[in-house]
$ cat start-v6.json   # JSON, C-alpha atoms
[["chain", "number", "residue", "atom", "x", "y", "z"],
["A", 744, "MET", "CA", 0.00, 0.00, 0.00],
["A", 745, "ASP", "CA", 1.76, 3.14, -1.20],
["A", 746, "ALA", "CA", 0.83, 6.81, -1.40],
["A", 747, "LYS", "CA", -0.06, 6.58, -5.10],
["A", 748, "THR", "CA", -2.51, 3.73, -4.50],
["A", 749, "ILE", "CA", -4.19, 5.57, -1.62],
["A", 750, "GLY", "CA", -4.21, 8.80, -3.64],
["A", 751, "ILE", "CA", -5.99, 7.15, -6.56],
["A", 752, "THR", "CA", -8.58, 5.66, -4.21],
["A", 753, "LEU", "CA", -9.10, 9.07, -2.57],
["A", 754, "ILE", "CA", -9.65, 10.66, -5.99],
["A", 755, "TYR", "CA", -12.53, 8.26, -6.59],
["A", 756, "ALA", "CA", -13.95, 9.14, -3.17],
["A", 757, "LEU", "CA", -13.59, 12.85, -3.98],
["A", 758, "ILE", "CA", -15.49, 12.42, -7.24],
["A", 759, "GLY", "CA", -18.35, 10.75, -5.34],
["A", 760, "TRP", "CA", -18.34, 13.51, -2.73],
["A", 761, "ILE", "CA", -18.43, 16.19, -5.48],
["A", 762, "PHE", "CA", -21.51, 14.56, -7.01],
["A", 763, "CYS", "CA", -23.17, 14.48, -3.58],
["A", 764, "ALA", "CA", -22.24, 18.10, -2.86],
["A", 765, "ALA", "CA", -23.58, 19.18, -6.25],
["A", 766, "THR", "CA", -26.81, 17.28, -5.57],
["A", 767, "MET", "CA", -27.28, 19.10, -2.27],
["A", 768, "ASP", "CA", -26.34, 22.48, -3.76],
["A", 769, "ILE", "CA", -28.70, 22.16, -6.71],
["A", 770, "GLY", "CA", -31.41, 20.55, -4.58],
["A", 771, "MET", "CA", -31.38, 23.34, -2.02],
["A", 772, "SER", "CA", -31.59, 25.96, -4.77],
["A", 773, "VAL", "CA", -34.63, 24.42, -6.49],
["A", 774, "THR", "CA", -36.61, 22.77, -3.69],
["A", 775, "THR", "CA", -36.92, 22.55, 0.07],
["A", 776, "ILE", "CA", -34.09, 21.33, 2.27],
["A", 777, "GLU", "CA", -36.12, 18.23, 3.18],
["A", 778, "ASN", "CA", -36.66, 17.33, -0.49],
["A", 779, "ALA", "CA", -32.97, 17.97, -1.20],
["A", 780, "LEU", "CA", -32.02, 15.60, 1.63],
["A", 781, "TYR", "CA", -34.31, 12.86, 0.27],
["A", 782, "ILE", "CA", -32.89, 13.33, -3.23],
["A", 783, "HIS", "CA", -29.34, 13.22, -1.84],
["A", 784, "ALA", "CA", -30.04, 10.09, 0.22],
["A", 785, "THR", "CA", -31.41, 8.44, -2.93],
["A", 786, "LEU", "CA", -28.65, 9.51, -5.31],
["A", 787, "ALA", "CA", -25.59, 9.17, -3.03],
["A", 788, "PRO", "CA", -25.53, 5.35, -3.11],
["A", 789, "ILE", "CA", -26.18, 5.41, -6.85],
["A", 790, "PHE", "CA", -23.25, 7.77, -7.41],
["A", 791, "PHE", "CA", -20.97, 5.64, -5.27],
["A", 792, "SER", "CA", -22.14, 2.41, -6.93],
["A", 793, "VAL", "CA", -21.21, 3.77, -10.34],
["A", 794, "ILE", "CA", -17.89, 5.10, -9.06],
["A", 795, "SER", "CA", -17.23, 1.77, -7.36],
["A", 796, "ILE", "CA", -17.93, -0.14, -10.57],
["A", 797, "ILE", "CA", -15.33, 1.98, -12.35],
["A", 798, "TYR", "CA", -12.89, 1.71, -9.44],
["A", 799, "PHE", "CA", -13.15, -2.07, -9.03],
["A", 800, "ARG", "CA", -12.90, -2.68, -12.78],
["A", 801, "ARG", "CA", -9.90, -0.39, -13.29],
["A", 802, "CYS", "CA", -7.95, -0.34, -10.05],
["A", 803, "LYS", "CA", -8.82, -3.13, -7.63],
["A", 804, "HIS", "CA", -6.23, -1.73, -5.22],
["A", 805, "PHE", "CA", -8.16, -2.67, -2.11],
["A", 806, "SER", "CA", -10.78, -5.18, -1.02],
["A", 807, "PRO", "CA", -14.43, -4.06, -0.99],
["A", 808, "ILE", "CA", -14.42, -3.54, 2.79],
["A", 809, "ILE", "CA", -11.24, -1.44, 2.74],
["A", 810, "THR", "CA", -12.43, 0.58, -0.27],
["A", 811, "ALA", "CA", -15.82, 1.24, 1.35],
["A", 812, "SER", "CA", -14.04, 2.29, 4.55],
["A", 813, "ILE", "CA", -11.70, 4.65, 2.72],
["A", 814, "PHE", "CA", -14.58, 6.17, 0.75],
["A", 815, "ILE", "CA", -16.77, 6.75, 3.80],
["A", 816, "VAL", "CA", -13.99, 8.05, 6.03],
["A", 817, "PHE", "CA", -13.08, 10.52, 3.28],
["A", 818, "VAL", "CA", -16.71, 11.65, 2.92],
["A", 819, "ILE", "CA", -17.16, 12.04, 6.68],
["A", 820, "LEU", "CA", -13.93, 14.02, 7.07],
["A", 821, "VAL", "CA", -14.71, 16.35, 4.17],
["A", 822, "ASP", "CA", -18.25, 16.85, 5.44],
["A", 823, "PHE", "CA", -16.91, 17.57, 8.92],
["A", 824, "PHE", "CA", -14.06, 19.93, 8.06],
["A", 825, "ILE", "CA", -15.34, 21.62, 4.89],
["A", 826, "VAL", "CA", -19.13, 21.53, 5.07],
["A", 827, "ALA", "CA", -19.80, 21.62, 8.81],
["A", 828, "LEU", "CA", -16.91, 23.71, 10.12],
["A", 829, "LEU", "CA", -16.09, 26.01, 7.20],
["A", 830, "ILE", "CA", -19.35, 26.41, 5.29],
["A", 831, "ASN", "CA", -22.11, 25.87, 7.87],
["A", 832, "ARG", "CA", -20.03, 26.84, 10.92],
["A", 833, "SER", "CA", -22.08, 24.31, 12.83],
["A", 834, "LEU", "CA", -22.11, 20.59, 13.54],
["A", 835, "GLU", "CA", -25.91, 20.52, 13.38],
["A", 836, "MET", "CA", -25.88, 18.51, 10.15],
["A", 837, "PHE", "CA", -24.52, 15.53, 12.11],
["A", 838, "SER", "CA", -27.65, 15.47, 14.25],
["A", 839, "SER", "CA", -29.74, 14.58, 11.20],
["A", 840, "LEU", "CA", -30.22, 10.93, 10.27],
["A", 841, "LEU", "CA", -31.43, 11.86, 6.80],
["A", 842, "GLY", "CA", -28.80, 14.56, 6.37],
["A", 843, "THR", "CA", -25.73, 12.51, 7.21],
["A", 844, "TRP", "CA", -25.99, 9.11, 8.83],
["A", 845, "ILE", "CA", -28.36, 7.43, 6.36],
["A", 846, "PRO", "CA", -26.39, 8.64, 3.32],
["A", 847, "PHE", "CA", -23.13, 7.61, 5.03],
["A", 848, "ALA", "CA", -24.48, 4.10, 5.65],
["A", 849, "LEU", "CA", -25.85, 3.85, 2.11],
["A", 850, "ILE", "CA", -22.56, 5.04, 0.58],
["A", 851, "PHE", "CA", -20.64, 2.45, 2.58],
["A", 852, "LEU", "CA", -23.07, -0.34, 1.68],
["A", 853, "ALA", "CA", -23.21, 0.63, -2.00],
["A", 854, "THR", "CA", -19.43, 0.61, -2.29],
["A", 855, "TYR", "CA", -18.99, -2.61, -0.33],
["A", 856, "LEU", "CA", -21.75, -4.54, -2.10],
["A", 857, "THR", "CA", -20.61, -3.35, -5.53],
["A", 858, "GLY", "CA", -17.13, -4.66, -4.79],
["A", 859, "ILE", "CA", -18.51, -7.97, -3.55],
["A", 860, "VAL", "CA", -20.74, -8.46, -6.61],
["A", 861, "LEU", "CA", -17.97, -7.55, -9.06],
["A", 862, "GLY", "CA", -15.54, -9.83, -7.21],
["A", 863, "ARG", "CA", -17.97, -12.74, -7.45],
["A", 864, "LYS", "CA", -18.56, -12.11, -11.14],
["A", 865, "ARG", "CA", -14.81, -12.06, -11.71],
["A", 866, "ASN", "CA", -14.35, -15.31, -9.74],
["A", 867, "THR", "CA", -17.27, -16.98, -11.54],
["A", 868, "ALA", "CA", -15.89, -15.97, -14.94],
["A", 869, "ALA", "CA", -12.48, -17.40, -14.06]]

$ encode --input "start-v6.json" --output "structure tokens"
Amino acid sequence: MDAKTIGITLIYALIGWIFCAATMDIGMSVTTIENALYIHATLAPIFFSVISIIYFRRCKHFSPIITASIFIVFVILVDFFIVALLINRSLEMFSSLLGTWIPFALIFLATYLTGIVLGRKRNTAA
């Protein structure tokens, strides 16, 4: 495990986070915060599933559980330091199940399960 391998994995996590941030930004500008949160909770695992498909087909640097852990730790840290502390200047977002904890769980599960399914397909094909 070297810095390049971790860096590549973090780039994939960043891309997923950018899609989620854009979803929230656009959602809050066109609808209510509650609707934006529901849209985000729906789309976040989809974004990370697609990103995970690309990651596991191209890179395969880490196992599904490690990749899901790296992705979710990255998302939580960026949400904490950038969104909560710098943008919102409040940790209130972390008190919301729909706003943080449900999407976090769904992102982790989507990444992990995508890796498992692609790993099984690869093993079956071999």

$ closest_residue --input "start-v6.json" --among "A:Phe805, A:Tyr855, A:Phe814, A:Tyr781" --to "A:Leu841" --atoms "only C-alpha atoms"
A:Tyr781

$ atom_distance --input "start-v6.json" --atom1 "atom CA of A:Thr774" --atom2 "atom CA of A:Val793"
25.3 Å

$ axis_aligned_box --input "start-v6.json" --around "stretch 758-776 of chain A" --padding-each-side "3 Å" --output "lines of an AutoDock Vina configuration file"
center_x = -26.2
center_y = 18.4
center_z = -2.5
size_x = 27.4
size_y = 21.2
size_z = 15.5

$ closest_residue --input "start-v6.json" --among "A:Trp760, A:Phe837, A:Phe823, A:Tyr755" --to "A:Ala787" --atoms "only C-alpha atoms"
A:Trp760

$ atom_distance --input "start-v6.json" --atom1 "atom CA of A:Ser839" --atom2 "atom CA of A:Ile819"
13.6 Å

$ closest_residue --input "start-v6.json" --among "A:Ile813, A:Ala765, A:Ile830, A:Val821" --to "A:Ile749" --atoms "only C-alpha atoms"
A:Ile813

$ atom_distance --input "start-v6.json" --atom1 "atom CA of A:Thr854" --atom2 "atom CA of A:Thr810"
7.3 Å

$ closest_residue --input "start-v6.json" --among "A:Met767, A:Ile850, A:Ile776, A:Ala746" --to "A:Val816" --atoms "all atoms listed in the file"
A:Ile850

$ residues_around --input "start-v6.json" --residues "stretch 796-801 of chain A" --least-positions-apart "2" --cutoff "10 Å" --atoms "only C-alpha atoms" --output "VMD selection string"
chain A and resid 751 to 752 755 to 756 791 to 794 803 to 807 810 854 857 to 862 865
